[in-house]
Amino acid sequence: MIGSYVAVGDSFTEGVGDPGPDGAFVGWADRFAVLLADRLPEGGFGYTNLAVRGKLLDQIVADQVPRAREMAPDLISFCAGGNDIIRPGTDPDEVAERFERAVADLTSAAGTVMVTTGFDTRTVPVLKRMRGKIATYNGHVRAIADRYGCPVLDLWSLRTIQDRRAWDADRLHLSPEGHTRVALRAGQVLGLDIPADPDQPWPPLPPRGNLEVRRDNIQWAREYLVPWIGRRLRGESSGDRVVAKGALSPADIRMRIGTVA
């Protein structure tokens, strides 16, 4: 039984793309926390989300890992390095070495550390060119998990989130349904009884013409890609002024999910 859970990471774990009623995000980690809490008596579960969007691996290690170690929970989810990998010129082998040092640090303090691979970006404009780097990094993550006995939340193999309905309009973050499917897969990884199958196929969509696809790509580049590149050039991060959600009660998460469902 898992009585305490701490989520460590970047925008994926913060829940960007899955907005709650108060403007804050929900996300897969919060939804997964509810699945864990449902196995315990009311009030018997503790959950803290330390993730902040835009953070690089070293920032996560400096700011979040010591706090997670101090809490010494039964479970830590650790997803980091993705923002490093998609930056030009980064070496996935070197990023993986730093990732492994963090995993070694976390496993010395937590009961279980669940690590997360990157998504398969074969259908994502621009990011599909980095598919090889992401695959290399994923290979390292799986090898590190083997060495330290960590369960792996393997997002690369979750085929249903390759559907465009699993993604937010920015094509970088999951939609509410995408986050839900990841939470369900996390439950599967830890052997929980889950309420739905994350691999359940999506209803069929009508075919899209080349003109419609091209128009959507142009709009996406104007609204999301160009601002993202601008932030990189200015050395800015989307998380510069963002504070982690911190401790959350399962009852509060259920209320927020129910409000936007």
# chains A, B, ... in the order shown; residues from 1 in each chain; ligands from 1

call {"tool": "select_by_dssp", "arguments": {"residues": "region 3-248 of chain A", "states": "helix (DSSP H, G or I)", "output": "VMD selection string"}}
result
chain A and resid 11 to 14 28 to 37 57 to 63 65 to 71 82 to 85 92 to 107 127 to 148 159 to 162 164 to 166 176 to 189 210 to 234

call {"tool": "residues_around", "arguments": {"residues": "Pro227 (chain A)", "least_positions_apart": "5", "cutoff": "12 Å", "atoms": "only C-alpha atoms", "output": "list in words"}}
result
Asp170, Trp220, Ala221, Arg222, Arg232, Leu233, Arg234, Glu236, Ser237 and Ser238 of chain A

call {"tool": "write_last_selection", "arguments": {"atoms": "N, CA and C atoms", "output": "PDB file, in the first residue's frame"}}
result
ATOM      1  N   ASP A 170      -1.252  23.301 -28.201  1.00  0.00           N
ATOM      2  CA  ASP A 170       0.157  23.660 -28.417  1.00  0.00           C
ATOM      3  C   ASP A 170       0.995  22.490 -28.918  1.00  0.00           C
ATOM      4  N   TRP A 220      -0.700  26.826 -35.766  1.00  0.00           N
ATOM      5  CA  TRP A 220       0.068  26.332 -34.613  1.00  0.00           C
ATOM      6  C   TRP A 220       1.442  27.003 -34.552  1.00  0.00           C
ATOM      7  N   ALA A 221       2.104  27.108 -35.689  1.00  0.00           N
ATOM      8  CA  ALA A 221       3.431  27.732 -35.699  1.00  0.00           C
ATOM      9  C   ALA A 221       3.354  29.182 -35.249  1.00  0.00           C
ATOM     10  N   ARG A 222       2.309  29.890 -35.678  1.00  0.00           N
ATOM     11  CA  ARG A 222       2.173  31.311 -35.329  1.00  0.00           C
ATOM     12  C   ARG A 222       1.866  31.487 -33.836  1.00  0.00           C
ATOM     13  N   ARG A 232      13.263  30.876 -25.992  1.00  0.00           N
ATOM     14  CA  ARG A 232      14.582  30.239 -25.981  1.00  0.00           C
ATOM     15  C   ARG A 232      15.666  31.254 -26.294  1.00  0.00           C
ATOM     16  N   LEU A 233      15.414  32.099 -27.284  1.00  0.00           N
ATOM     17  CA  LEU A 233      16.426  33.086 -27.681  1.00  0.00           C
ATOM     18  C   LEU A 233      16.657  34.131 -26.594  1.00  0.00           C
ATOM     19  N   ARG A 234      15.622  34.443 -25.816  1.00  0.00           N
ATOM     20  CA  ARG A 234      15.750  35.439 -24.744  1.00  0.00           C
ATOM     21  C   ARG A 234      16.215  34.813 -23.431  1.00  0.00           C
ATOM     22  N   GLU A 236      14.437  32.832 -21.561  1.00  0.00           N
ATOM     23  CA  GLU A 236      13.315  32.820 -20.640  1.00  0.00           C
ATOM     24  C   GLU A 236      12.704  31.429 -20.562  1.00  0.00           C
ATOM     25  N   SER A 237      11.965  31.193 -19.492  1.00  0.00           N
ATOM     26  CA  SER A 237      11.261  29.925 -19.308  1.00  0.00           C
ATOM     27  C   SER A 237       9.814  30.203 -18.944  1.00  0.00           C
ATOM     28  N   SER A 238       8.921  29.326 -19.385  1.00  0.00           N
ATOM     29  CA  SER A 238       7.502  29.485 -19.049  1.00  0.00           C
ATOM     30  C   SER A 238       7.264  29.331 -17.553  1.00  0.00           C
TER      31      SER A 238
END

call {"tool": "closest_atom_pairs", "arguments": {"of": "region 153-246 of chain A", "to": "region 118-138 of chain A", "cutoff": "10 Å", "atoms": "only C-alpha atoms", "output": "JSON lines"}}
result
{"residue": "A:Leu153", "atom": "CA", "partner": "A:Gly118", "partner_atom": "CA", "distance": 9.4}
{"residue": "A:Asp154", "atom": "CA", "partner": "A:Gly118", "partner_atom": "CA", "distance": 7.5}
{"residue": "A:Leu155", "atom": "CA", "partner": "A:Phe119", "partner_atom": "CA", "distance": 5.2}
{"residue": "A:Trp156", "atom": "CA", "partner": "A:Phe119", "partner_atom": "CA", "distance": 4.6}
{"residue": "A:Ser157", "atom": "CA", "partner": "A:Asp120", "partner_atom": "CA", "distance": 7.8}
{"residue": "A:Leu158", "atom": "CA", "partner": "A:Phe119", "partner_atom": "CA", "distance": 8.3}
{"residue": "A:Arg159", "atom": "CA", "partner": "A:Asp120", "partner_atom": "CA", "distance": 8.6}
{"residue": "A:Ile161", "atom": "CA", "partner": "A:Phe119", "partner_atom": "CA", "distance": 8.6}
{"residue": "A:Gln162", "atom": "CA", "partner": "A:Thr123", "partner_atom": "CA", "distance": 7.4}
{"residue": "A:Asp163", "atom": "CA", "partner": "A:Thr123", "partner_atom": "CA", "distance": 9.0}
{"residue": "A:Arg164", "atom": "CA", "partner": "A:Thr123", "partner_atom": "CA", "distance": 8.9}
{"residue": "A:Arg171", "atom": "CA", "partner": "A:Val124", "partner_atom": "CA", "distance": 7.0}
{"residue": "A:Leu172", "atom": "CA", "partner": "A:Val124", "partner_atom": "CA", "distance": 8.5}
{"residue": "A:Asn217", "atom": "CA", "partner": "A:Pro125", "partner_atom": "CA", "distance": 8.0}
{"residue": "A:Trp220", "atom": "CA", "partner": "A:Pro125", "partner_atom": "CA", "distance": 9.7}
{"residue": "A:Ala221", "atom": "CA", "partner": "A:Pro125", "partner_atom": "CA", "distance": 9.3}
{"residue": "A:Leu225", "atom": "CA", "partner": "A:Val126", "partner_atom": "CA", "distance": 9.0}

call {"tool": "write_last_selection", "arguments": {"atoms": "C-alpha atoms", "output": "compact mmCIF listing (two decimals), in the first residue's frame"}}
result
# COMPACT_ATOMS: atom_id res chain seq x y z
CA LEU A 153 5.97 4.68 -16.93
CA ASP A 154 6.68 4.07 -20.62
CA LEU A 155 4.98 6.81 -22.61
CA TRP A 156 6.64 5.78 -25.87
CA SER A 157 4.61 2.54 -25.90
CA LEU A 158 1.28 4.17 -25.03
CA ARG A 159 -0.01 4.27 -28.61
CA ILE A 161 -1.73 9.20 -26.91
CA GLN A 162 -0.46 9.51 -30.47
CA ASP A 163 -3.99 10.53 -31.41
CA ARG A 164 -4.24 14.32 -31.81
CA ARG A 171 1.08 20.06 -29.43
CA LEU A 172 3.63 19.98 -26.61
CA ASN A 217 0.08 23.76 -38.96
CA TRP A 220 0.07 26.33 -34.61
CA ALA A 221 3.43 27.73 -35.70
CA LEU A 225 6.14 27.61 -32.09

call {"tool": "closest_residue", "arguments": {"among": "A:Arg101, A:Arg39, A:His179, A:Lys245", "to": "Ala24 (chain A)", "atoms": "only C-alpha atoms"}}
result
A:Lys245

call {"tool": "residues_around", "arguments": {"residues": "region 4-10 of chain A", "least_positions_apart": "4", "cutoff": "7 Å", "atoms": "only C-alpha atoms", "output": "ChimeraX atom specification"}}
result
/A:14,29,45-55,60,64,68,73-80

call {"tool": "write_last_selection", "arguments": {"atoms": "N, CA, C and O atoms", "output": "mmCIF file, in the first residue's frame"}}
result
data_model
loop_
_atom_site.group_PDB
_atom_site.id
_atom_site.type_symbol
_atom_site.label_atom_id
_atom_site.label_comp_id
_atom_site.auth_asym_id
_atom_site.auth_seq_id
_atom_site.Cartn_x
_atom_site.Cartn_y
_atom_site.Cartn_z
ATOM 1 N N GLU A 14 3.418 18.796 -13.890
ATOM 2 C CA GLU A 14 2.592 19.867 -13.329
ATOM 3 C C GLU A 14 1.162 19.750 -13.853
ATOM 4 O O GLU A 14 0.207 20.116 -13.159
ATOM 5 N N ALA A 29 -0.415 13.363 -12.809
ATOM 6 C CA ALA A 29 0.079 13.020 -11.472
ATOM 7 C C ALA A 29 -1.011 13.221 -10.422
ATOM 8 O O ALA A 29 -1.179 12.397 -9.512
ATOM 9 N N PHE A 45 -3.799 9.241 3.137
ATOM 10 C CA PHE A 45 -2.881 9.379 2.005
ATOM 11 C C PHE A 45 -2.353 10.802 1.925
ATOM 12 O O PHE A 45 -3.108 11.769 2.076
ATOM 13 N N GLY A 46 -1.045 10.952 1.677
ATOM 14 C CA GLY A 46 -0.436 12.263 1.518
ATOM 15 C C GLY A 46 0.161 12.425 0.139
ATOM 16 O O GLY A 46 0.821 11.517 -0.384
ATOM 17 N N TYR A 47 -0.077 13.591 -0.474
ATOM 18 C CA TYR A 47 0.384 13.828 -1.853
ATOM 19 C C TYR A 47 0.918 15.243 -1.991
ATOM 20 O O TYR A 47 0.305 16.202 -1.516
ATOM 21 N N THR A 48 2.068 15.366 -2.663
ATOM 22 C CA THR A 48 2.675 16.662 -2.946
ATOM 23 C C THR A 48 3.168 16.682 -4.385
ATOM 24 O O THR A 48 3.855 15.753 -4.827
ATOM 25 N N ASN A 49 2.806 17.744 -5.117
ATOM 26 C CA ASN A 49 3.272 17.911 -6.497
ATOM 27 C C ASN A 49 4.267 19.073 -6.533
ATOM 28 O O ASN A 49 3.892 20.228 -6.331
ATOM 29 N N LEU A 50 5.525 18.757 -6.787
ATOM 30 C CA LEU A 50 6.598 19.750 -6.802
ATOM 31 C C LEU A 50 6.925 20.241 -8.208
ATOM 32 O O LEU A 50 7.763 21.135 -8.373
ATOM 33 N N ALA A 51 6.298 19.687 -9.227
ATOM 34 C CA ALA A 51 6.678 19.953 -10.613
ATOM 35 C C ALA A 51 6.374 21.393 -11.024
ATOM 36 O O ALA A 51 5.362 21.972 -10.622
ATOM 37 N N VAL A 52 7.249 21.951 -11.858
ATOM 38 C CA VAL A 52 7.081 23.298 -12.396
ATOM 39 C C VAL A 52 7.433 23.275 -13.879
ATOM 40 O O VAL A 52 8.479 22.736 -14.272
ATOM 41 N N ARG A 53 6.577 23.860 -14.673
ATOM 42 C CA ARG A 53 6.758 23.880 -16.124
ATOM 43 C C ARG A 53 8.085 24.546 -16.528
ATOM 44 O O ARG A 53 8.595 25.445 -15.846
ATOM 45 N N GLY A 54 8.640 24.091 -17.642
ATOM 46 C CA GLY A 54 9.815 24.730 -18.226
ATOM 47 C C GLY A 54 11.138 24.387 -17.567
ATOM 48 O O GLY A 54 12.190 24.842 -18.040
ATOM 49 N N LYS A 55 11.152 23.599 -16.525
ATOM 50 C CA LYS A 55 12.386 23.371 -15.789
ATOM 51 C C LYS A 55 13.280 22.343 -16.487
ATOM 52 O O LYS A 55 12.831 21.318 -16.989
ATOM 53 N N ILE A 60 15.534 20.952 -11.738
ATOM 54 C CA ILE A 60 14.694 20.010 -10.996
ATOM 55 C C ILE A 60 15.508 19.336 -9.892
ATOM 56 O O ILE A 60 15.044 19.181 -8.758
ATOM 57 N N GLN A 64 13.807 20.514 -6.562
ATOM 58 C CA GLN A 64 12.764 19.564 -6.191
ATOM 59 C C GLN A 64 13.277 18.289 -5.531
ATOM 60 O O GLN A 64 12.643 17.771 -4.597
ATOM 61 N N ALA A 68 11.896 16.384 -2.132
ATOM 62 C CA ALA A 68 11.314 15.046 -2.212
ATOM 63 C C ALA A 68 12.048 14.084 -1.274
ATOM 64 O O ALA A 68 11.425 13.272 -0.579
ATOM 65 N N PRO A 73 8.847 9.845 0.856
ATOM 66 C CA PRO A 73 7.534 9.206 0.674
ATOM 67 C C PRO A 73 7.668 7.741 0.268
ATOM 68 O O PRO A 73 8.753 7.251 -0.059
ATOM 69 N N ASP A 74 6.534 7.067 0.245
ATOM 70 C CA ASP A 74 6.511 5.688 -0.247
ATOM 71 C C ASP A 74 6.797 5.636 -1.749
ATOM 72 O O ASP A 74 7.380 4.661 -2.237
ATOM 73 N N LEU A 75 6.360 6.670 -2.479
ATOM 74 C CA LEU A 75 6.515 6.684 -3.928
ATOM 75 C C LEU A 75 6.922 8.072 -4.403
ATOM 76 O O LEU A 75 6.359 9.080 -3.953
ATOM 77 N N ILE A 76 7.880 8.125 -5.323
ATOM 78 C CA ILE A 76 8.231 9.349 -6.055
ATOM 79 C C ILE A 76 8.119 9.045 -7.536
ATOM 80 O O ILE A 76 8.627 8.019 -8.010
ATOM 81 N N SER A 77 7.450 9.905 -8.288
ATOM 82 C CA SER A 77 7.520 9.830 -9.745
ATOM 83 C C SER A 77 8.522 10.883 -10.203
ATOM 84 O O SER A 77 8.486 12.032 -9.758
ATOM 85 N N PHE A 78 9.436 10.484 -11.071
ATOM 86 C CA PHE A 78 10.527 11.363 -11.503
ATOM 87 C C PHE A 78 10.539 11.420 -13.022
ATOM 88 O O PHE A 78 10.871 10.449 -13.693
ATOM 89 N N CYS A 79 10.128 12.569 -13.551
ATOM 90 C CA CYS A 79 10.137 12.797 -14.998
ATOM 91 C C CYS A 79 10.933 14.069 -15.253
ATOM 92 O O CYS A 79 10.497 15.163 -14.894
ATOM 93 N N ALA A 80 12.106 13.937 -15.860
ATOM 94 C CA ALA A 80 12.982 15.093 -16.065
ATOM 95 C C ALA A 80 13.913 14.811 -17.230
ATOM 96 O O ALA A 80 14.188 13.655 -17.563
#

call {"tool": "select_by_dssp", "arguments": {"residues": "region 18-244 of chain A", "states": "strand (DSSP E)", "output": "ChimeraX atom specification"}}
result
/A:46-49,75-78,112-116,152-153

call {"tool": "write_last_selection", "arguments": {"atoms": "N, CA, C and O atoms", "output": "short mmCIF file (atom, residue, chain, number, x, y, z; two decimals), in the first residue's frame"}}
result
data_model
loop_
_atom_site.label_atom_id
_atom_site.label_comp_id
_atom_site.auth_asym_id
_atom_site.auth_seq_id
_atom_site.Cartn_x
_atom_site.Cartn_y
_atom_site.Cartn_z
N GLY A 46 -1.05 10.95 1.68
CA GLY A 46 -0.44 12.26 1.52
C GLY A 46 0.16 12.43 0.14
O GLY A 46 0.82 11.52 -0.38
N TYR A 47 -0.08 13.59 -0.47
CA TYR A 47 0.38 13.83 -1.85
C TYR A 47 0.92 15.24 -1.99
O TYR A 47 0.30 16.20 -1.52
N THR A 48 2.07 15.37 -2.66
CA THR A 48 2.68 16.66 -2.95
C THR A 48 3.17 16.68 -4.38
O THR A 48 3.85 15.75 -4.83
N ASN A 49 2.81 17.74 -5.12
CA ASN A 49 3.27 17.91 -6.50
C ASN A 49 4.27 19.07 -6.53
O ASN A 49 3.89 20.23 -6.33
N LEU A 75 6.36 6.67 -2.48
CA LEU A 75 6.52 6.68 -3.93
C LEU A 75 6.92 8.07 -4.40
O LEU A 75 6.36 9.08 -3.95
N ILE A 76 7.88 8.13 -5.32
CA ILE A 76 8.23 9.35 -6.05
C ILE A 76 8.12 9.04 -7.54
O ILE A 76 8.63 8.02 -8.01
N SER A 77 7.45 9.91 -8.29
CA SER A 77 7.52 9.83 -9.74
C SER A 77 8.52 10.88 -10.20
O SER A 77 8.49 12.03 -9.76
N PHE A 78 9.44 10.48 -11.07
CA PHE A 78 10.53 11.36 -11.50
C PHE A 78 10.54 11.42 -13.02
O PHE A 78 10.87 10.45 -13.69
N THR A 112 9.81 3.68 -3.41
CA THR A 112 9.81 3.35 -4.84
C THR A 112 9.96 4.63 -5.63
O THR A 112 9.34 5.65 -5.31
N VAL A 113 10.78 4.60 -6.68
CA VAL A 113 10.92 5.73 -7.60
C VAL A 113 10.47 5.25 -8.98
O VAL A 113 11.08 4.34 -9.56
N MET A 114 9.40 5.83 -9.49
CA MET A 114 8.91 5.50 -10.83
C MET A 114 9.45 6.53 -11.81
O MET A 114 9.23 7.74 -11.64
N VAL A 115 10.15 6.07 -12.84
CA VAL A 115 10.70 6.98 -13.85
C VAL A 115 9.84 6.93 -15.11
O VAL A 115 9.07 5.99 -15.33
N THR A 116 10.00 7.95 -15.94
CA THR A 116 9.12 8.14 -17.08
C THR A 116 9.93 8.34 -18.36
O THR A 116 10.88 9.12 -18.37
N VAL A 152 8.80 1.64 -14.63
CA VAL A 152 8.90 2.59 -15.75
C VAL A 152 7.52 2.92 -16.29
O VAL A 152 6.79 2.03 -16.73
N LEU A 153 7.17 4.19 -16.26
CA LEU A 153 5.97 4.68 -16.93
C LEU A 153 6.38 4.97 -18.37
O LEU A 153 6.92 6.04 -18.68
#

call {"tool": "residues_around", "arguments": {"residues": "Gly139 (chain A)", "least_positions_apart": "5", "cutoff": "10 Å", "atoms": "only C-alpha atoms", "output": "VMD selection string"}}
result
chain A and resid 92 to 93 96 117 133 to 134 144 to 145
